[in-house]
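What follows is a short report on a single structure.
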Amino acid sequence: MKLGRRSADRDRPRRRPRVAGRPRPDSGAEDPDTSAVHDDVAIPLIEKLSHFKVRALALSVLWLIFFVACQIGLDLLRPDPAELAKTGVWVQGTVEKVEPSSKAGRDKITLAYFGGSKPRTIALGMRAARGLEVGDKVSLVHEPGNPAKLLAIDGEAVGDSDDVLLTPLSFSAFLGFPVCLYAAWLWRARYRSASKTGLREAMATVRPGWLFPRIDVYLEGDYKLLQTRRSLRIAPRFEGLEKVPVFIGGEESDMIVIFPRGRFSKDTLYTVPVKEIEPDTA
């Protein structure tokens with residue numbers, strides 16, 4: 001009897017394992033997708049999208065900290081006009097020449113003044129809005145014991161080289177914070193979209209292109225044209241690959257393509273964010 005029961009079990013068709021993105025048999029689906037990737041493979045790959053979100057959030061926090069540090073540095077480097085009036089040496093200068101500067105909104109001003117016991121001339125960049133003209137008299141403050149180093153002109157502190165360096169760095173941090181925050185939001189949307197659809201096996205061909213190349217994706221009985229999104233994870237590195245096996249997941253503008261080649265190792269996978277666009281005839 002036991003042998004007969006085993007024989008009957010052997011003849012009974014086995015149930016296929018559950019795969020990511022595939023409806024269960026009792027859901028009313030007529031034709032299950034045989035290109036769907038099994039949960040054991042799909043779930044760890046989809047979870048990595050959440051890691052990308054965390055990285056972007058961490059970068060946004062670092063940019064914010066860097067911006068605050070730059071602002072503190074600028075405040076420390078920017079001398080107090082009242083303090084300059086107490087410690088600096090006041091002299092009177094004359095505007096000898098006014099020339100346009102390469103920087104927008106600024107002029108190159110040549111000033112003549114007596115520093116110590118001899119006349120001196122210095123050229124500085126100043127705001128064009130001050131409207132200085134040749135022959136105008138200005139009040140200057142130079143460093144005690146060093147007449148060549150001007151500290152202020154008409155009560156306005158003269159910028160130092162460190163100040164010039166920190167200003168663009170601070171502006172970069174000011175832009176980097178919202179960009180990374182937006183990137184974290186995008187990775188969160190891709191994670192949710194891929195978790196909803198699961199991953200599918202496909203063949204991909206990366207078209208020539210530098211920033212945002214298009215990708216032809218061939219699925220089982222289907223075709224999609226994808227456009228890469230703005231991201232540090234780009235697809236031009238795969239340009240020239242034809243019909244390479246990939247995983248795709250998500251839908252519409254929140255899709256991903258996982259290539260079988262990493263940035264530093266060919267044995268790792270590489271995820272590229274993409275969006276679906278209308279197929280063309282190119």
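Residues in the structure tokens are numbered from 1 in each chain, the chains being A, B, ... in the order shown, and ligands are numbered from 1 in the order shown.
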I want to know what sits within 6 Å of Trp63 (chain A), based on only C-alpha atoms, with residues of the same chain fewer than 5 positions away left out; could you give that as a compact mmCIF listing (two decimals) with C-alpha atoms, in the first residue's frame?
# COMPACT_ATOMS: atom_id res chain seq x y z
CA ALA A 173 26.19 72.26 -0.48
CA GLY A 176 23.42 69.18 -3.00
CA PHE A 177 21.04 68.87 -0.05
- Compile the contact shell of region 249-256 of chain A as a list of chain:residue names: residues with an atom at most 6 Å away, counting only C-alpha atoms, same-chain residues fewer than 4 positions apart removed. A:Arg190, A:Ser193, A:Ala194, A:Thr197, A:Gly198, A:Leu199, A:Val272, A:Pro273, A:Val274, A:Lys275, A:Glu276
Exercise: region 236-248 of chain A partners within 9 Å, only C-alpha atoms, chain neighbours under 2 positions left out, as a PDB file with C-alpha atoms, in the first residue's frame:
ATOM      1  CA  VAL A  37      11.920  35.933 -11.215  1.00  0.00           C
ATOM      2  CA  ALA A  42      13.984  38.978  -6.620  1.00  0.00           C
ATOM      3  CA  ALA A 194       9.354  47.091  -8.043  1.00  0.00           C
ATOM      4  CA  GLY A 198       8.299  42.021  -8.998  1.00  0.00           C
ATOM      5  CA  LEU A 199      11.188  41.343 -11.382  1.00  0.00           C
ATOM      6  CA  ARG A 200      11.045  39.816 -14.842  1.00  0.00           C
ATOM      7  CA  GLU A 201      13.755  38.327 -17.010  1.00  0.00           C
ATOM      8  CA  ALA A 202      14.416  40.125 -20.292  1.00  0.00           C
ATOM      9  CA  MET A 203      17.043  40.848 -22.954  1.00  0.00           C
ATOM     10  CA  ALA A 204      18.358  44.404 -23.294  1.00  0.00           C
ATOM     11  CA  THR A 205      20.280  46.398 -25.873  1.00  0.00           C
ATOM     12  CA  VAL A 206      21.740  49.775 -24.837  1.00  0.00           C
ATOM     13  CA  ARG A 207      21.616  52.312 -27.649  1.00  0.00           C
ATOM     14  CA  PRO A 208      24.503  54.770 -28.184  1.00  0.00           C
ATOM     15  CA  GLY A 209      24.216  57.854 -26.028  1.00  0.00           C
ATOM     16  CA  TRP A 210      26.155  59.697 -23.361  1.00  0.00           C
ATOM     17  CA  LEU A 211      23.934  60.980 -20.557  1.00  0.00           C
ATOM     18  CA  PHE A 212      20.559  59.283 -20.934  1.00  0.00           C
ATOM     19  CA  PRO A 213      20.761  56.486 -23.513  1.00  0.00           C
ATOM     20  CA  ASP A 216      15.531  48.297 -25.944  1.00  0.00           C
ATOM     21  CA  VAL A 217      14.066  45.617 -23.664  1.00  0.00           C
ATOM     22  CA  TYR A 218      12.711  42.374 -25.095  1.00  0.00           C
ATOM     23  CA  ILE A 234      24.175  55.429 -15.375  1.00  0.00           C
ATOM     24  CA  GLY A 250       8.572  48.597 -11.690  1.00  0.00           C
ATOM     25  CA  MET A 255      11.337  51.327 -13.328  1.00  0.00           C
ATOM     26  CA  ILE A 256      14.748  49.688 -12.946  1.00  0.00           C
ATOM     27  CA  VAL A 257      16.985  47.577 -15.158  1.00  0.00           C
ATOM     28  CA  ILE A 258      19.482  45.294 -13.408  1.00  0.00           C
ATOM     29  CA  PHE A 259      22.501  44.514 -15.576  1.00  0.00           C
ATOM     30  CA  PRO A 260      24.716  41.479 -14.948  1.00  0.00           C
ATOM     31  CA  ARG A 261      27.865  43.548 -14.525  1.00  0.00           C
ATOM     32  CA  ARG A 263      31.032  48.895 -11.617  1.00  0.00           C
TER      33      ARG A 263
END
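Contact shell of region 95-98 of chain A at 7 Å (only C-alpha atoms; same-chain neighbours under 6 positions omitted): Asp107, Lys108, Ile109, Thr110, Leu111, Ala112, Glu133, Val134, Gly135, Asp136 and Lys137 of chain A.
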Take the residues just selected and output them with all heavy atoms as a PDB file, in the first residue's frame.
ATOM      1  N   ASP A 107      33.167  95.227 -10.750  1.00  0.00           N
ATOM      2  CA  ASP A 107      34.129  96.042 -11.479  1.00  0.00           C
ATOM      3  C   ASP A 107      35.507  95.862 -10.873  1.00  0.00           C
ATOM      4  O   ASP A 107      35.646  95.512  -9.693  1.00  0.00           O
ATOM      5  CB  ASP A 107      33.741  97.527 -11.424  1.00  0.00           C
ATOM      6  CG  ASP A 107      32.537  97.836 -12.299  1.00  0.00           C
ATOM      7  OD1 ASP A 107      32.320  97.104 -13.285  1.00  0.00           O
ATOM      8  OD2 ASP A 107      31.821  98.811 -11.987  1.00  0.00           O
ATOM      9  N   LYS A 108      36.518  96.100 -11.684  1.00  0.00           N
ATOM     10  CA  LYS A 108      37.898  96.107 -11.199  1.00  0.00           C
ATOM     11  C   LYS A 108      38.291  97.553 -10.907  1.00  0.00           C
ATOM     12  O   LYS A 108      38.356  98.375 -11.822  1.00  0.00           O
ATOM     13  CB  LYS A 108      38.830  95.488 -12.236  1.00  0.00           C
ATOM     14  CG  LYS A 108      40.270  95.399 -11.786  1.00  0.00           C
ATOM     15  CD  LYS A 108      41.148  94.772 -12.876  1.00  0.00           C
ATOM     16  CE  LYS A 108      42.598  94.699 -12.442  1.00  0.00           C
ATOM     17  NZ  LYS A 108      43.461  94.124 -13.515  1.00  0.00           N
ATOM     18  N   ILE A 109      38.534  97.852  -9.644  1.00  0.00           N
ATOM     19  CA  ILE A 109      38.803  99.208  -9.188  1.00  0.00           C
ATOM     20  C   ILE A 109      40.278  99.325  -8.808  1.00  0.00           C
ATOM     21  O   ILE A 109      40.802  98.509  -8.052  1.00  0.00           O
ATOM     22  CB  ILE A 109      37.932  99.577  -7.976  1.00  0.00           C
ATOM     23  CG1 ILE A 109      36.458  99.275  -8.263  1.00  0.00           C
ATOM     24  CG2 ILE A 109      38.119 101.036  -7.597  1.00  0.00           C
ATOM     25  CD1 ILE A 109      35.862 100.089  -9.376  1.00  0.00           C
ATOM     26  N   THR A 110      40.932 100.340  -9.356  1.00  0.00           N
ATOM     27  CA  THR A 110      42.325 100.625  -8.985  1.00  0.00           C
ATOM     28  C   THR A 110      42.329 101.818  -8.038  1.00  0.00           C
ATOM     29  O   THR A 110      41.827 102.902  -8.386  1.00  0.00           O
ATOM     30  CB  THR A 110      43.174 100.933 -10.222  1.00  0.00           C
ATOM     31  OG1 THR A 110      43.123  99.811 -11.110  1.00  0.00           O
ATOM     32  CG2 THR A 110      44.623 101.188  -9.831  1.00  0.00           C
ATOM     33  N   LEU A 111      42.886 101.630  -6.847  1.00  0.00           N
ATOM     34  CA  LEU A 111      42.905 102.650  -5.805  1.00  0.00           C
ATOM     35  C   LEU A 111      44.331 103.107  -5.536  1.00  0.00           C
ATOM     36  O   LEU A 111      45.275 102.309  -5.574  1.00  0.00           O
ATOM     37  CB  LEU A 111      42.300 102.110  -4.503  1.00  0.00           C
ATOM     38  CG  LEU A 111      40.848 101.618  -4.579  1.00  0.00           C
ATOM     39  CD1 LEU A 111      40.464 100.940  -3.271  1.00  0.00           C
ATOM     40  CD2 LEU A 111      39.900 102.770  -4.885  1.00  0.00           C
ATOM     41  N   ALA A 112      44.475 104.394  -5.251  1.00  0.00           N
ATOM     42  CA  ALA A 112      45.767 104.961  -4.855  1.00  0.00           C
ATOM     43  C   ALA A 112      45.623 105.539  -3.448  1.00  0.00           C
ATOM     44  O   ALA A 112      44.640 106.230  -3.150  1.00  0.00           O
ATOM     45  CB  ALA A 112      46.205 106.036  -5.843  1.00  0.00           C
ATOM     46  N   GLU A 133      33.422 106.034  -9.419  1.00  0.00           N
ATOM     47  CA  GLU A 133      33.957 106.628 -10.638  1.00  0.00           C
ATOM     48  C   GLU A 133      35.356 107.151 -10.382  1.00  0.00           C
ATOM     49  O   GLU A 133      35.777 107.322  -9.226  1.00  0.00           O
ATOM     50  CB  GLU A 133      33.039 107.764 -11.124  1.00  0.00           C
ATOM     51  CG  GLU A 133      31.633 107.307 -11.493  1.00  0.00           C
ATOM     52  CD  GLU A 133      30.766 108.471 -11.952  1.00  0.00           C
ATOM     53  OE1 GLU A 133      31.249 109.629 -11.866  1.00  0.00           O
ATOM     54  OE2 GLU A 133      29.628 108.213 -12.391  1.00  0.00           O
ATOM     55  N   VAL A 134      36.075 107.407 -11.470  1.00  0.00           N
ATOM     56  CA  VAL A 134      37.448 107.913 -11.358  1.00  0.00           C
ATOM     57  C   VAL A 134      37.439 109.253 -10.634  1.00  0.00           C
ATOM     58  O   VAL A 134      36.645 110.144 -10.955  1.00  0.00           O
ATOM     59  CB  VAL A 134      38.085 108.052 -12.747  1.00  0.00           C
ATOM     60  CG1 VAL A 134      39.475 108.680 -12.645  1.00  0.00           C
ATOM     61  CG2 VAL A 134      38.170 106.689 -13.427  1.00  0.00           C
ATOM     62  N   GLY A 135      38.305 109.381  -9.645  1.00  0.00           N
ATOM     63  CA  GLY A 135      38.405 110.613  -8.863  1.00  0.00           C
ATOM     64  C   GLY A 135      37.650 110.574  -7.546  1.00  0.00           C
ATOM     65  O   GLY A 135      37.831 111.464  -6.703  1.00  0.00           O
ATOM     66  N   ASP A 136      36.783 109.568  -7.333  1.00  0.00           N
ATOM     67  CA  ASP A 136      36.048 109.478  -6.062  1.00  0.00           C
ATOM     68  C   ASP A 136      37.004 109.204  -4.914  1.00  0.00           C
ATOM     69  O   ASP A 136      38.007 108.493  -5.042  1.00  0.00           O
ATOM     70  CB  ASP A 136      34.997 108.366  -6.135  1.00  0.00           C
ATOM     71  CG  ASP A 136      33.826 108.730  -7.026  1.00  0.00           C
ATOM     72  OD1 ASP A 136      33.745 109.901  -7.432  1.00  0.00           O
ATOM     73  OD2 ASP A 136      33.017 107.834  -7.337  1.00  0.00           O
ATOM     74  N   LYS A 137      36.669 109.814  -3.759  1.00  0.00           N
ATOM     75  CA  LYS A 137      37.436 109.582  -2.543  1.00  0.00           C
ATOM     76  C   LYS A 137      36.765 108.477  -1.727  1.00  0.00           C
ATOM     77  O   LYS A 137      35.536 108.446  -1.586  1.00  0.00           O
ATOM     78  CB  LYS A 137      37.520 110.859  -1.707  1.00  0.00           C
ATOM     79  CG  LYS A 137      38.132 112.048  -2.426  1.00  0.00           C
ATOM     80  CD  LYS A 137      39.599 111.795  -2.776  1.00  0.00           C
ATOM     81  CE  LYS A 137      40.208 113.019  -3.462  1.00  0.00           C
ATOM     82  NZ  LYS A 137      41.640 112.804  -3.811  1.00  0.00           N
TER      83      LYS A 137
END
- Record the distance separating CA of Ala56 (chain A) and CA of Ala184 (chain A), expressed in Å with one decimal. 5.0 Å
- Could you name the residues that touch Gln71 (chain A) at 9 Å or less, counting only C-alpha atoms, but leaving out those on the same chain fewer than 5 positions away, as a list in words?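 What passes the distance filter is Phe66, Leu76, Leu166, Thr167 and Ser170 of chain A.
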So that I have them on file, write out the residues from the current selection with N, CA and C atoms, as a PDB file, in the first residue's frame.
ATOM      1  N   PHE A  66      27.658  70.088   5.865  1.00  0.00           N
ATOM      2  CA  PHE A  66      28.716  70.829   5.187  1.00  0.00           C
ATOM      3  C   PHE A  66      28.295  72.265   4.920  1.00  0.00           C
ATOM      4  N   LEU A  76      33.116  83.408  10.501  1.00  0.00           N
ATOM      5  CA  LEU A  76      34.374  83.586  11.234  1.00  0.00           C
ATOM      6  C   LEU A  76      35.407  84.348  10.408  1.00  0.00           C
ATOM      7  N   LEU A 166      35.181  79.446   0.123  1.00  0.00           N
ATOM      8  CA  LEU A 166      34.057  78.884   0.859  1.00  0.00           C
ATOM      9  C   LEU A 166      32.708  79.254   0.248  1.00  0.00           C
ATOM     10  N   THR A 167      32.630  80.377  -0.436  1.00  0.00           N
ATOM     11  CA  THR A 167      31.346  80.796  -1.003  1.00  0.00           C
ATOM     12  C   THR A 167      30.833  79.807  -2.052  1.00  0.00           C
ATOM     13  N   SER A 170      29.886  76.545  -0.302  1.00  0.00           N
ATOM     14  CA  SER A 170      28.617  76.673   0.407  1.00  0.00           C
ATOM     15  C   SER A 170      27.435  76.593  -0.556  1.00  0.00           C
TER      16      SER A 170
END
- Task: In Å, rounded to a single decimal, give me how far CA of Lys224 (chain A) is from CA of Pro279 (chain A).
- Result: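 That distance, rounded to one decimal, is 7.0 Å.
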- Query: Which of these, A:Gln92, A:Ser195, A:Ser102, A:Ser172, has the shortest distance to Ala152 (chain A) once you count only C-alpha atoms?
  - Reply: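 Between A:Gln92, A:Ser195, A:Ser102, A:Ser172, the residue approaching Ala152 (chain A) most closely is A:Gln92.
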